[in-house]
file run20.cif (mmCIF, C-alpha atoms)
data_data
loop_
_atom_site.label_atom_id
_atom_site.label_comp_id
_atom_site.auth_asym_id
_atom_site.auth_seq_id
_atom_site.Cartn_x
_atom_site.Cartn_y
_atom_site.Cartn_z
CA MET L 1 0.00 0.00 0.00
CA THR L 2 1.31 3.46 -0.89
CA LYS L 3 1.88 6.17 1.69
CA ALA L 4 -1.12 8.08 0.33
CA GLY L 5 -3.23 4.94 0.62
CA ARG L 6 -2.19 4.41 4.24
CA ILE L 7 -3.03 8.02 5.05
CA LEU L 8 -6.46 7.67 3.42
CA LEU L 9 -7.14 4.41 5.30
CA ILE L 10 -6.17 6.01 8.62
CA ALA L 11 -8.39 9.01 7.90
CA LEU L 12 -11.33 6.79 7.03
CA THR L 13 -10.77 4.69 10.14
CA LEU L 14 -10.81 7.81 12.32
CA LEU L 15 -13.91 9.04 10.50
CA CYS L 16 -15.67 5.74 11.00
CA SER L 17 -14.73 5.57 14.67
CA ALA L 18 -16.10 9.09 15.10
CA ILE L 19 -19.31 8.36 13.21
CA LEU L 20 -20.38 5.25 15.05
CA PRO L 21 -20.53 6.80 18.56
CA ALA L 22 -22.10 9.97 17.18
CA TYR L 23 -24.94 7.98 15.62
CA ALA L 24 -25.23 5.34 18.31
CA GLY L 25 -29.01 5.77 18.52
CA VAL L 26 -29.62 4.87 14.89
CA ALA L 27 -26.88 2.23 14.97
CA ASP L 28 -28.28 0.40 18.02
CA THR L 29 -32.04 0.96 17.97
CA PRO L 30 -34.34 -2.00 17.20
CA GLY L 31 -35.77 -2.24 13.69
CA GLU L 32 -39.22 -1.38 15.07
CA ASN L 33 -37.91 2.11 15.89
CA LEU L 34 -36.29 2.74 12.50
CA GLU L 35 -37.99 4.94 9.95
CA VAL L 36 -36.52 4.89 6.43
CA SER L 37 -36.89 7.71 3.90
CA LEU L 38 -35.48 8.60 0.51
CA ILE L 39 -34.28 12.22 0.40
CA THR L 40 -34.01 13.77 -3.07
CA TYR L 41 -32.17 17.01 -3.74
CA GLY L 42 -32.89 18.94 -6.94
CA PRO L 43 -30.24 19.96 -9.49
CA GLY L 44 -27.84 22.78 -8.62
CA ASP L 45 -26.17 25.46 -10.72
CA ILE L 46 -22.64 24.00 -10.83
CA TYR L 47 -22.03 21.49 -13.64
CA TRP L 48 -21.40 18.56 -11.28
CA GLU L 49 -24.67 19.37 -9.47
CA ARG L 50 -26.84 19.32 -12.60
CA PHE L 51 -27.81 15.66 -12.17
CA GLY L 52 -29.16 16.23 -8.64
CA HIS L 53 -28.39 14.18 -5.55
CA ASP L 54 -30.09 11.95 -2.98
CA ALA L 55 -29.60 10.13 0.29
CA ILE L 56 -31.14 7.49 2.55
CA GLU L 57 -32.38 8.86 5.86
CA LEU L 58 -32.61 6.64 8.93
CA ARG L 59 -34.60 8.03 11.83
CA ASP L 60 -34.74 6.62 15.34
CA THR L 61 -38.35 7.26 16.34
CA ALA L 62 -37.51 6.76 20.01
CA SER L 63 -34.73 9.36 20.26
CA GLY L 64 -35.61 11.47 17.25
CA GLU L 65 -32.08 11.10 15.84
CA GLU L 66 -31.91 11.41 12.04
CA VAL L 67 -28.94 10.47 9.85
CA ASP L 68 -28.50 10.86 6.08
CA PHE L 69 -26.33 8.36 4.19
CA ASN L 70 -25.14 9.45 0.75
CA TYR L 71 -22.64 8.15 -1.80
CA GLY L 72 -21.57 11.43 -3.36
CA VAL L 73 -18.32 12.39 -1.61
CA PHE L 74 -15.20 13.03 -3.70
CA ASN L 75 -11.95 14.88 -3.09
CA PHE L 76 -10.35 17.25 -5.61
CA ASP L 77 -7.15 17.07 -3.54
CA GLU L 78 -6.79 13.32 -3.95
CA LYS L 79 -3.51 12.40 -5.60
CA ASN L 80 -3.91 12.17 -9.40
CA PHE L 81 -7.61 13.11 -9.10
CA PHE L 82 -7.89 14.73 -12.55
CA PHE L 83 -5.72 12.05 -14.18
CA ASN L 84 -7.94 9.35 -12.68
CA PHE L 85 -11.02 11.31 -13.77
CA ALA L 86 -9.69 11.41 -17.34
CA ARG L 87 -9.07 7.65 -17.24
CA GLY L 88 -12.57 6.97 -15.91
CA GLN L 89 -11.33 5.80 -12.51
CA MET L 90 -12.89 8.26 -10.08
CA HIS L 91 -12.99 7.35 -6.40
CA TYR L 92 -16.14 8.26 -4.48
CA LEU L 93 -17.10 7.58 -0.87
CA ILE L 94 -20.19 6.97 1.22
CA ASP L 95 -20.73 9.54 3.96
CA ALA L 96 -23.11 9.99 6.89
CA GLU L 97 -24.34 13.38 8.11
CA THR L 98 -26.94 14.66 10.53
CA THR L 99 -30.10 15.16 8.48
CA ALA L 100 -30.69 18.72 9.67
CA ASP L 101 -27.21 19.84 8.60
CA GLU L 102 -27.38 18.07 5.27
CA GLU L 103 -30.82 19.38 4.32
CA ALA L 104 -30.00 22.90 5.50
CA PHE L 105 -27.02 22.98 3.13
CA TYR L 106 -29.14 22.16 0.08
CA ALA L 107 -32.02 24.40 1.14
CA GLN L 108 -29.66 27.33 1.59
CA ALA L 109 -28.27 26.70 -1.90
CA GLY L 110 -31.81 27.01 -3.29
CA ARG L 111 -32.12 23.35 -4.28
CA SER L 112 -35.33 21.46 -3.63
CA VAL L 113 -35.45 18.88 -0.84
CA THR L 114 -38.09 16.14 -0.98
CA LYS L 115 -38.65 13.40 1.58
CA GLN L 116 -40.36 10.09 0.75
CA LYS L 117 -41.13 7.94 3.77
CA LEU L 118 -40.79 4.27 2.78
CA ALA L 119 -42.67 1.19 4.00
CA LEU L 120 -39.94 -1.18 5.17
CA THR L 121 -40.59 -3.87 7.74
CA PRO L 122 -38.55 -3.72 10.98
CA GLN L 123 -36.38 -6.55 9.69
CA GLN L 124 -35.78 -4.78 6.37
CA ALA L 125 -35.03 -1.47 8.07
CA ALA L 126 -32.53 -3.11 10.43
CA ALA L 127 -30.88 -4.95 7.52
CA LEU L 128 -30.59 -1.69 5.58
CA ARG L 129 -29.12 0.07 8.63
CA ASP L 130 -26.58 -2.72 9.16
CA PHE L 131 -25.57 -2.63 5.50
CA LEU L 132 -25.09 1.15 5.50
CA PHE L 133 -22.90 1.07 8.60
CA TRP L 134 -20.95 -1.83 7.13
CA ASN L 135 -20.49 0.28 4.00
CA LEU L 136 -19.10 3.11 6.14
CA ARG L 137 -16.15 1.00 7.24
CA PRO L 138 -12.88 2.26 5.73
CA GLU L 139 -12.30 -0.92 3.74
CA ASN L 140 -15.80 -0.68 2.20
CA ALA L 141 -16.37 3.07 1.87
CA THR L 142 -14.69 3.75 -1.48
CA TYR L 143 -16.07 2.80 -4.89
CA ASN L 144 -15.21 3.48 -8.53
CA TYR L 145 -17.71 6.05 -9.74
CA ASP L 146 -19.46 5.82 -13.12
CA TYR L 147 -21.88 8.55 -14.20
CA TYR L 148 -24.47 6.12 -15.53
CA ILE L 149 -24.20 2.71 -13.90
CA ASP L 150 -22.50 3.25 -10.55
CA ASN L 151 -23.13 6.68 -9.09
CA CYS L 152 -24.48 8.21 -5.90
CA THR L 153 -28.07 7.42 -6.94
CA THR L 154 -27.59 3.89 -8.23
CA ARG L 155 -25.88 3.08 -4.92
CA VAL L 156 -28.89 4.41 -3.00
CA ARG L 157 -31.25 2.55 -5.36
CA ASP L 158 -29.33 -0.70 -4.97
CA ALA L 159 -29.15 -0.43 -1.17
CA LEU L 160 -32.92 0.02 -0.94
CA ASP L 161 -33.53 -2.78 -3.45
CA ARG L 162 -31.23 -5.09 -1.48
CA ALA L 163 -33.11 -4.43 1.75
CA LEU L 164 -36.45 -5.02 0.02
CA GLY L 165 -35.38 -8.34 -1.48
CA GLY L 166 -35.18 -7.15 -5.09
CA VAL L 167 -38.69 -5.69 -5.32
CA ILE L 168 -37.57 -2.40 -6.88
CA LYS L 169 -35.49 -3.99 -9.64
CA ALA L 170 -38.13 -6.62 -10.41
CA ARG L 171 -40.71 -3.89 -10.93
CA LEU L 172 -38.65 -1.23 -12.72
CA THR L 173 -36.96 -3.54 -15.22
CA LYS L 174 -40.44 -4.26 -16.61
CA LEU L 175 -41.18 -0.56 -17.18
CA PRO L 176 -39.78 1.42 -20.12
CA GLY L 177 -37.71 4.50 -19.44
CA GLY L 178 -38.54 7.86 -20.93
CA MET L 179 -35.16 8.85 -22.37
CA THR L 180 -31.69 7.53 -23.17
CA TYR L 181 -28.51 8.39 -21.30
CA ARG L 182 -27.66 10.90 -24.04
CA GLN L 183 -31.04 12.62 -23.90
CA GLN L 184 -30.95 12.92 -20.12
CA THR L 185 -27.38 14.24 -20.24
CA VAL L 186 -28.15 16.86 -22.88
CA ARG L 187 -31.33 17.89 -21.08
CA LEU L 188 -29.68 18.36 -17.71
CA MET L 189 -26.53 20.04 -19.06
CA SER L 190 -28.39 22.45 -21.38
CA ALA L 191 -27.75 25.35 -18.97
CA GLN L 192 -24.03 25.01 -19.86
CA PRO L 193 -24.22 24.88 -23.69
CA TRP L 194 -20.52 24.36 -24.39
CA LEU L 195 -20.22 21.55 -21.87
CA MET L 196 -23.45 20.04 -23.19
CA LEU L 197 -22.02 20.02 -26.74
CA ILE L 198 -18.71 18.51 -25.60
CA LEU L 199 -20.51 15.72 -23.74
CA ASP L 200 -22.86 15.01 -26.64
CA LEU L 201 -19.94 14.89 -29.07
CA GLY L 202 -17.98 12.54 -26.82
CA LEU L 203 -20.75 10.03 -26.11
CA GLY L 204 -20.76 6.86 -28.18
CA PRO L 205 -23.53 4.37 -29.03
CA TYR L 206 -23.73 3.13 -25.43
CA ALA L 207 -25.53 6.36 -24.52
CA ASP L 208 -28.30 5.76 -27.07
CA HIS L 209 -29.54 2.33 -26.06
CA PRO L 210 -33.17 2.37 -24.83
CA LEU L 211 -33.42 2.30 -21.05
CA ASP L 212 -35.86 0.66 -18.72
CA ALA L 213 -37.02 2.50 -15.61
CA TRP L 214 -34.42 0.68 -13.48
CA HIS L 215 -31.48 1.98 -15.49
CA GLU L 216 -33.01 5.43 -15.94
CA SER L 217 -33.13 5.60 -12.16
CA PHE L 218 -29.45 6.58 -12.28
CA LEU L 219 -30.94 10.06 -11.82
CA PRO L 220 -32.33 11.13 -8.42
CA GLU L 221 -35.49 12.65 -9.89
CA GLU L 222 -36.19 9.47 -11.87
CA LEU L 223 -35.70 7.23 -8.83
CA GLN L 224 -37.96 9.55 -6.85
CA LYS L 225 -40.64 9.29 -9.53
CA ASN L 226 -40.30 5.57 -10.25
CA ILE L 227 -40.60 4.26 -6.70
CA ARG L 228 -44.03 5.89 -6.44
CA ASN L 229 -45.35 3.02 -8.59
CA ILE L 230 -43.97 0.21 -6.42
CA THR L 231 -45.98 -1.80 -3.96
CA VAL L 232 -44.71 -4.07 -1.20
CA ALA L 233 -46.27 -6.62 1.14
CA ASP L 234 -48.14 -5.12 4.08
CA GLY L 235 -47.53 -8.11 6.39
CA GLN L 236 -51.22 -9.06 6.37
CA GLY L 237 -51.41 -10.86 3.04
CA GLY L 238 -52.02 -7.71 1.05
CA THR L 239 -49.91 -4.94 -0.51
CA GLN L 240 -49.24 -1.30 0.20
CA PRO L 241 -47.40 1.52 -1.60
CA LEU L 242 -43.68 1.59 -0.94
CA VAL L 243 -43.91 5.38 -0.63
CA GLN L 244 -46.07 6.04 2.43
CA SER L 245 -45.83 9.81 2.21
CA GLU L 246 -44.02 12.44 0.16
CA THR L 247 -43.18 15.87 1.55
CA LEU L 248 -41.50 18.84 -0.10
CA LEU L 249 -39.27 20.09 2.70
CA SER L 250 -37.74 22.98 0.75
CA PRO L 251 -38.87 24.32 -2.65
CA ASN L 252 -36.56 24.86 -5.59
CA ARG L 253 -35.34 28.46 -6.01
CA LEU L 254 -33.06 27.85 -8.99
CA SER L 255 -33.77 27.61 -12.69
CA THR L 256 -35.15 24.17 -13.48
CA PRO L 257 -33.84 21.96 -16.29
CA PRO L 258 -36.15 21.53 -19.31
CA THR L 259 -38.41 18.49 -19.35
CA THR L 260 -37.15 17.44 -22.80
CA PRO L 261 -33.67 17.62 -24.36
CA PRO L 262 -32.98 20.44 -26.82
CA ASP L 263 -32.94 19.49 -30.51
CA LEU L 264 -29.34 20.07 -31.61
CA ARG L 265 -29.92 19.34 -35.30
CA ILE L 266 -30.97 22.83 -36.37
CA PRO L 267 -28.36 24.88 -34.44
CA LEU L 268 -25.47 22.58 -35.36
CA GLY L 269 -26.66 22.34 -38.96
CA ILE L 270 -26.81 26.14 -39.20
CA ALA L 271 -23.36 26.44 -37.57
CA GLY L 272 -21.95 24.03 -40.18
CA LEU L 273 -23.50 26.04 -43.04
CA ILE L 274 -22.07 29.29 -41.65
CA ILE L 275 -18.56 27.82 -41.46
CA ALA L 276 -18.96 26.41 -44.97
CA ALA L 277 -20.05 29.81 -46.29
CA LEU L 278 -17.05 31.45 -44.63
CA ILE L 279 -14.71 28.90 -46.21
CA VAL L 280 -16.11 29.67 -49.67
CA ALA L 281 -16.06 33.45 -49.14
CA THR L 282 -12.52 33.56 -47.79
CA TRP L 283 -11.27 31.22 -50.52
CA ARG L 284 -12.59 33.65 -53.12
CA TYR L 285 -11.69 36.97 -51.53
CA ALA L 286 -9.21 36.57 -48.64
CA ARG L 287 -6.83 33.65 -49.01
CA THR L 288 -4.91 34.34 -45.80
CA ALA L 289 -8.18 34.35 -43.84
CA TYR L 290 -9.10 31.16 -45.71
CA ALA L 291 -5.85 29.51 -44.61
CA LEU L 292 -6.40 30.62 -41.01
CA LEU L 293 -10.02 29.45 -40.94
CA GLY L 294 -9.21 26.15 -42.63
CA SER L 295 -6.27 25.49 -40.31
CA LEU L 296 -8.39 26.26 -37.24
CA TYR L 297 -11.13 23.85 -38.36
CA LEU L 298 -8.63 21.11 -39.21
CA LEU L 299 -6.72 21.59 -35.96
CA LEU L 300 -9.90 21.33 -33.87
CA ALA L 301 -11.18 18.36 -35.91
CA GLY L 302 -7.88 16.55 -35.42
CA LEU L 303 -7.65 17.30 -31.70
CA VAL L 304 -11.28 16.28 -31.08
CA GLY L 305 -10.69 13.05 -32.98
CA LEU L 306 -7.52 12.35 -31.02
CA VAL L 307 -9.33 12.85 -27.71
CA MET L 308 -12.21 10.59 -28.79
CA LEU L 309 -9.74 7.92 -29.91
CA MET L 310 -7.95 8.10 -26.55
CA LEU L 311 -11.25 7.85 -24.66
CA TRP L 312 -12.04 4.70 -26.62
CA THR L 313 -8.67 2.97 -26.38
CA LEU L 314 -7.02 4.24 -23.19
CA THR L 315 -9.79 4.85 -20.65
CA SER L 316 -12.61 3.10 -18.80
CA HIS L 317 -15.24 5.55 -20.10
CA HIS L 318 -17.28 2.85 -21.87
CA SER L 319 -19.95 5.43 -22.73
CA ALA L 320 -17.37 7.01 -25.07
CA TRP L 321 -16.24 3.80 -26.80
CA ALA L 322 -16.80 3.14 -30.53
CA ASN L 323 -17.87 6.73 -31.12
CA ALA L 324 -19.08 7.15 -34.71
CA ASN L 325 -18.14 10.83 -34.54
CA LEU L 326 -14.58 9.62 -35.16
CA LEU L 327 -15.65 9.30 -38.79
CA LEU L 328 -16.37 13.05 -38.79
CA PHE L 329 -13.46 14.34 -36.73
CA ASN L 330 -10.18 12.43 -36.62
CA PRO L 331 -6.39 12.86 -36.89
CA LEU L 332 -6.57 12.71 -40.72
CA ALA L 333 -7.37 16.42 -40.46
CA PHE L 334 -3.78 17.16 -39.38
CA MET L 335 -2.52 15.89 -42.75
CA LEU L 336 -4.44 18.61 -44.61
CA MET L 337 -3.27 21.66 -42.67
CA ARG L 338 -0.27 22.29 -44.92
CA SER L 339 -2.51 22.08 -47.99
CA VAL L 340 -4.74 24.99 -46.98
CA TRP L 341 -1.67 27.21 -46.66
CA ARG L 342 -0.33 26.02 -50.02
CA LYS L 343 -3.75 26.78 -51.49
CA ARG L 344 -3.27 30.40 -50.49
CA ARG L 345 -0.76 30.53 -53.35
CA ASN L 346 -3.01 28.32 -55.53
CA ILE L 347 -0.72 25.28 -55.16
CA ALA L 348 -2.61 22.01 -55.54
CA PRO L 349 -2.57 19.49 -52.69
CA SER L 350 0.07 16.79 -52.78
CA ARG L 351 -0.79 13.22 -53.67
CA PHE L 352 -0.49 12.36 -49.96
CA ALA L 353 -2.91 15.15 -49.00
CA ASN L 354 -5.33 14.11 -51.73
CA GLY L 355 -5.29 10.58 -50.36
CA ALA L 356 -6.02 11.84 -46.85
CA LEU L 357 -8.84 14.01 -48.21
CA MET L 358 -10.39 11.07 -50.08
CA LEU L 359 -10.22 8.93 -46.95
CA GLN L 360 -11.95 11.66 -44.94
CA LEU L 361 -14.72 12.03 -47.52
CA LEU L 362 -15.16 8.25 -47.53
CA ALA L 363 -15.40 8.30 -43.72
CA LEU L 364 -18.00 11.06 -44.00
CA LEU L 365 -20.03 8.95 -46.44
CA ILE L 366 -19.82 5.93 -44.14
CA ALA L 367 -21.00 8.04 -41.19
CA LEU L 368 -24.01 9.21 -43.21
CA LEU L 369 -24.87 5.70 -44.41
CA LEU L 370 -24.49 4.27 -40.92
CA HIS L 371 -26.98 6.78 -39.62
CA LEU L 372 -29.48 5.94 -42.39
CA LEU L 373 -29.23 2.17 -41.97
CA PRO L 374 -31.90 0.54 -39.78
CA GLY L 375 -30.78 -0.75 -36.43
CA VAL L 376 -27.90 1.70 -35.99
CA VAL L 377 -27.82 2.86 -32.38
CA GLN L 378 -25.76 6.07 -32.15
CA GLN L 379 -27.79 9.21 -32.64
CA ASN L 380 -25.21 11.65 -34.02
CA LEU L 381 -27.19 13.33 -36.81
CA PRO L 382 -26.59 16.85 -35.37
CA TRP L 383 -22.82 16.37 -35.76
CA ILE L 384 -23.22 14.92 -39.26
CA LEU L 385 -25.21 18.02 -40.22
CA PHE L 386 -22.42 20.17 -38.79
CA ALA L 387 -19.49 18.33 -40.35
CA LEU L 388 -20.96 17.58 -43.79
CA PRO L 389 -21.00 21.15 -45.23
CA CYS L 390 -17.65 21.96 -43.59
CA TRP L 391 -15.83 19.00 -45.13
CA LEU L 392 -17.51 19.30 -48.53
CA THR L 393 -16.63 22.99 -48.95
CA LEU L 394 -13.12 22.39 -47.65
CA ALA L 395 -12.65 19.56 -50.17
CA TRP L 396 -14.09 21.77 -52.92
CA SER L 397 -11.75 24.62 -52.09
CA LEU L 398 -8.67 22.37 -52.02
CA ARG L 399 -9.53 20.74 -55.34
CA LYS L 400 -10.79 23.88 -57.08
CA THR L 401 -8.46 25.60 -59.51
CA LEU L 402 -8.68 29.16 -60.78
#

call {"tool": "encode", "arguments": {"input": "run20.cif", "output": "structure tokens"}}
result
Amino acid sequence: MTKAGRILLIALTLLCSAILPAYAGVADTPGENLEVSLITYGPGDIYWERFGHDAIELRDTASGEEVDFNYGVFNFDEKNFFFNFARGQMHYLIDAETTADEEAFYAQAGRSVTKQKLALTPQQAAALRDFLFWNLRPENATYNYDYYIDNCTTRVRDALDRALGGVIKARLTKLPGGMTYRQQTVRLMSAQPWLMLILDLGLGPYADHPLDAWHESFLPEELQKNIRNITVADGQGGTQPLVQSETLLSPNRLSTPPTTPPDLRIPLGIAGLIIAALIVATWRYARTAYALLGSLYLLLAGLVGLVMLMLWTLTSHHSAWANANLLLFNPLAFMLMRSVWRKRRNIAPSRFANGALMLQLLALLIALLLHLLPGVVQQNLPWILFALPCWLTLAWSLRKTL
């Protein structure tokens, strides 16, 4: 174990030893005195808050003690944090906080706080409590975070489902979801347009597979909504709603995300046509500006393609693997940068550059055909509409002679 690892283990051990006595009431009370609730916090303004957050609350009805357990703790100061983030190996932790302090933080930030009291039997509540405290142990507290399949909400969902004997999963896997991972991501990140576009460009076909309600419950608001439809045994041979009551503890005071994702086809298509028009105009009337504009487009296309290729081959970001946008933007673009400057003096591209250009146009055609073929998963039409006019006018300008 590294020195940093030993320090982290010691810190977690101290934290755990401090937590257990502080929450002795919840930790030791009989299951009959445990009240379980799902706490859902609305999206915030900062980009990492846009997906919302949630926690499991355990309340000791005898002492009134309330504790929130959440899986959303991370540390910017962790060694190699940003490198690990880039590789898709982010380390998150479970944490326990006094409910009043936790909810006050989100309420003060203007984010909504909703409490759903759940119908767990004493045995289920005690089993959930024991699992959460087991999870707080230093050797169990850390997990490898994934935005879609292993995040702070899926951990809450899975803990509740485990305590209920699989009732939640059995029900939600039979219900269709409303959107894909891509649609939910674009919808929630639409308040930060540039980040939204970067994420949409970097997501591969994994993000476009249809979801059931279980998998769409990677979002707090979806889990909150979906468990309203679940019933559990009432202990008397009948059934009862899992959600016994739902209370809005603090209203939202921030701008709310749209209910549907924005349609990126028109704005990106228009942006592509504008760039294409500028390429034609500068080729005709301002060759130095043409060379600058063409070089900038090719540089960005090459860099974007290089990043997407690295995400596919060198990282654990499976949502970015096999990205068809690599057919639109890839390192072939670097091979054409010299040609646009030679074209300023009306020098034709070299045979090598012509070969690279033909390969890029072939890749563009394949991307278009892939999108038109039935059964193709990745929904990247907005980026095809952006890239198509740019590449066609750039190819025209390089091949055109006066």

call {"tool": "resolve_selection", "arguments": {"input": "run20.cif", "expression": "the PyMOL selection byres ((chain L and resi 235) around 12)", "output": "VMD selection string"}}
result
chain L and resid 119 to 123 232 to 234 236 to 240

call {"tool": "atom_distance", "arguments": {"input": "run20.cif", "atom1": "CA of Ser397 (chain L)", "atom2": "CA of Thr288 (chain L)"}}
result
13.4 Å

call {"tool": "closest_atom_pairs", "arguments": {"input": "run20.cif", "of": "region 79-121 of chain L", "to": "region 58-61 of chain L", "cutoff": "12 Å", "atoms": "all atoms listed in the file", "output": "tab-separated table"}}
result
residue	atom	partner	partner_atom	distance
L:Ala96	CA	L:Leu58	CA	10.3
L:Glu97	CA	L:Leu58	CA	10.7
L:Thr98	CA	L:Leu58	CA	10.0
L:Thr99	CA	L:Leu58	CA	8.9
L:Ala100	CA	L:Arg59	CA	11.6
L:Lys115	CA	L:Leu58	CA	11.7
L:Gln116	CA	L:Leu58	CA	11.8
L:Lys117	CA	L:Leu58	CA	10.0
L:Leu118	CA	L:Leu58	CA	10.5
L:Leu120	CA	L:Leu58	CA	11.4

call {"tool": "write_last_selection", "arguments": {"input": "run20.cif", "atoms": "C-alpha atoms", "output": "mmCIF file, in the frame of the given file"}}
result
data_model
loop_
_atom_site.group_PDB
_atom_site.id
_atom_site.type_symbol
_atom_site.label_atom_id
_atom_site.label_comp_id
_atom_site.auth_asym_id
_atom_site.auth_seq_id
_atom_site.Cartn_x
_atom_site.Cartn_y
_atom_site.Cartn_z
ATOM 1 C CA ALA L 96 -23.110 9.990 6.890
ATOM 2 C CA GLU L 97 -24.340 13.380 8.110
ATOM 3 C CA THR L 98 -26.940 14.660 10.530
ATOM 4 C CA THR L 99 -30.100 15.160 8.480
ATOM 5 C CA ALA L 100 -30.690 18.720 9.670
ATOM 6 C CA LYS L 115 -38.650 13.400 1.580
ATOM 7 C CA GLN L 116 -40.360 10.090 0.750
ATOM 8 C CA LYS L 117 -41.130 7.940 3.770
ATOM 9 C CA LEU L 118 -40.790 4.270 2.780
ATOM 10 C CA LEU L 120 -39.940 -1.180 5.170
#

call {"tool": "residues_around", "arguments": {"input": "run20.cif", "residues": "region 372-386 of chain L", "least_positions_apart": "4", "cutoff": "6 Å", "atoms": "all atoms listed in the file", "output": "list in words"}}
result
Pro205, Asp208, Leu264, Arg265, Leu268, Gly269 and Gly272 of chain L

call {"tool": "closest_residue", "arguments": {"input": "run20.cif", "among": "L:Tyr181, L:Tyr285, L:Tyr145, L:Tyr47", "to": "His91 (chain L)", "atoms": "only C-alpha atoms"}}
result
L:Tyr145

call {"tool": "decode", "arguments": {"input": "run20.cif", "residues": "region 167-178 of chain L", "atoms": "C-alpha atoms", "output": "PDB file, in the first residue's frame"}}
result
ATOM      1  CA  VAL L 167     -38.692  -5.688  -5.316  1.00  0.00           C
ATOM      2  CA  ILE L 168     -37.572  -2.404  -6.881  1.00  0.00           C
ATOM      3  CA  LYS L 169     -35.492  -3.986  -9.641  1.00  0.00           C
ATOM      4  CA  ALA L 170     -38.127  -6.617 -10.406  1.00  0.00           C
ATOM      5  CA  ARG L 171     -40.711  -3.892 -10.931  1.00  0.00           C
ATOM      6  CA  LEU L 172     -38.652  -1.231 -12.724  1.00  0.00           C
ATOM      7  CA  THR L 173     -36.958  -3.544 -15.224  1.00  0.00           C
ATOM      8  CA  LYS L 174     -40.439  -4.256 -16.606  1.00  0.00           C
ATOM      9  CA  LEU L 175     -41.184  -0.561 -17.178  1.00  0.00           C
ATOM     10  CA  PRO L 176     -39.779   1.417 -20.120  1.00  0.00           C
ATOM     11  CA  GLY L 177     -37.710   4.503 -19.436  1.00  0.00           C
ATOM     12  CA  GLY L 178     -38.541   7.859 -20.925  1.00  0.00           C
TER      13      GLY L 178
END
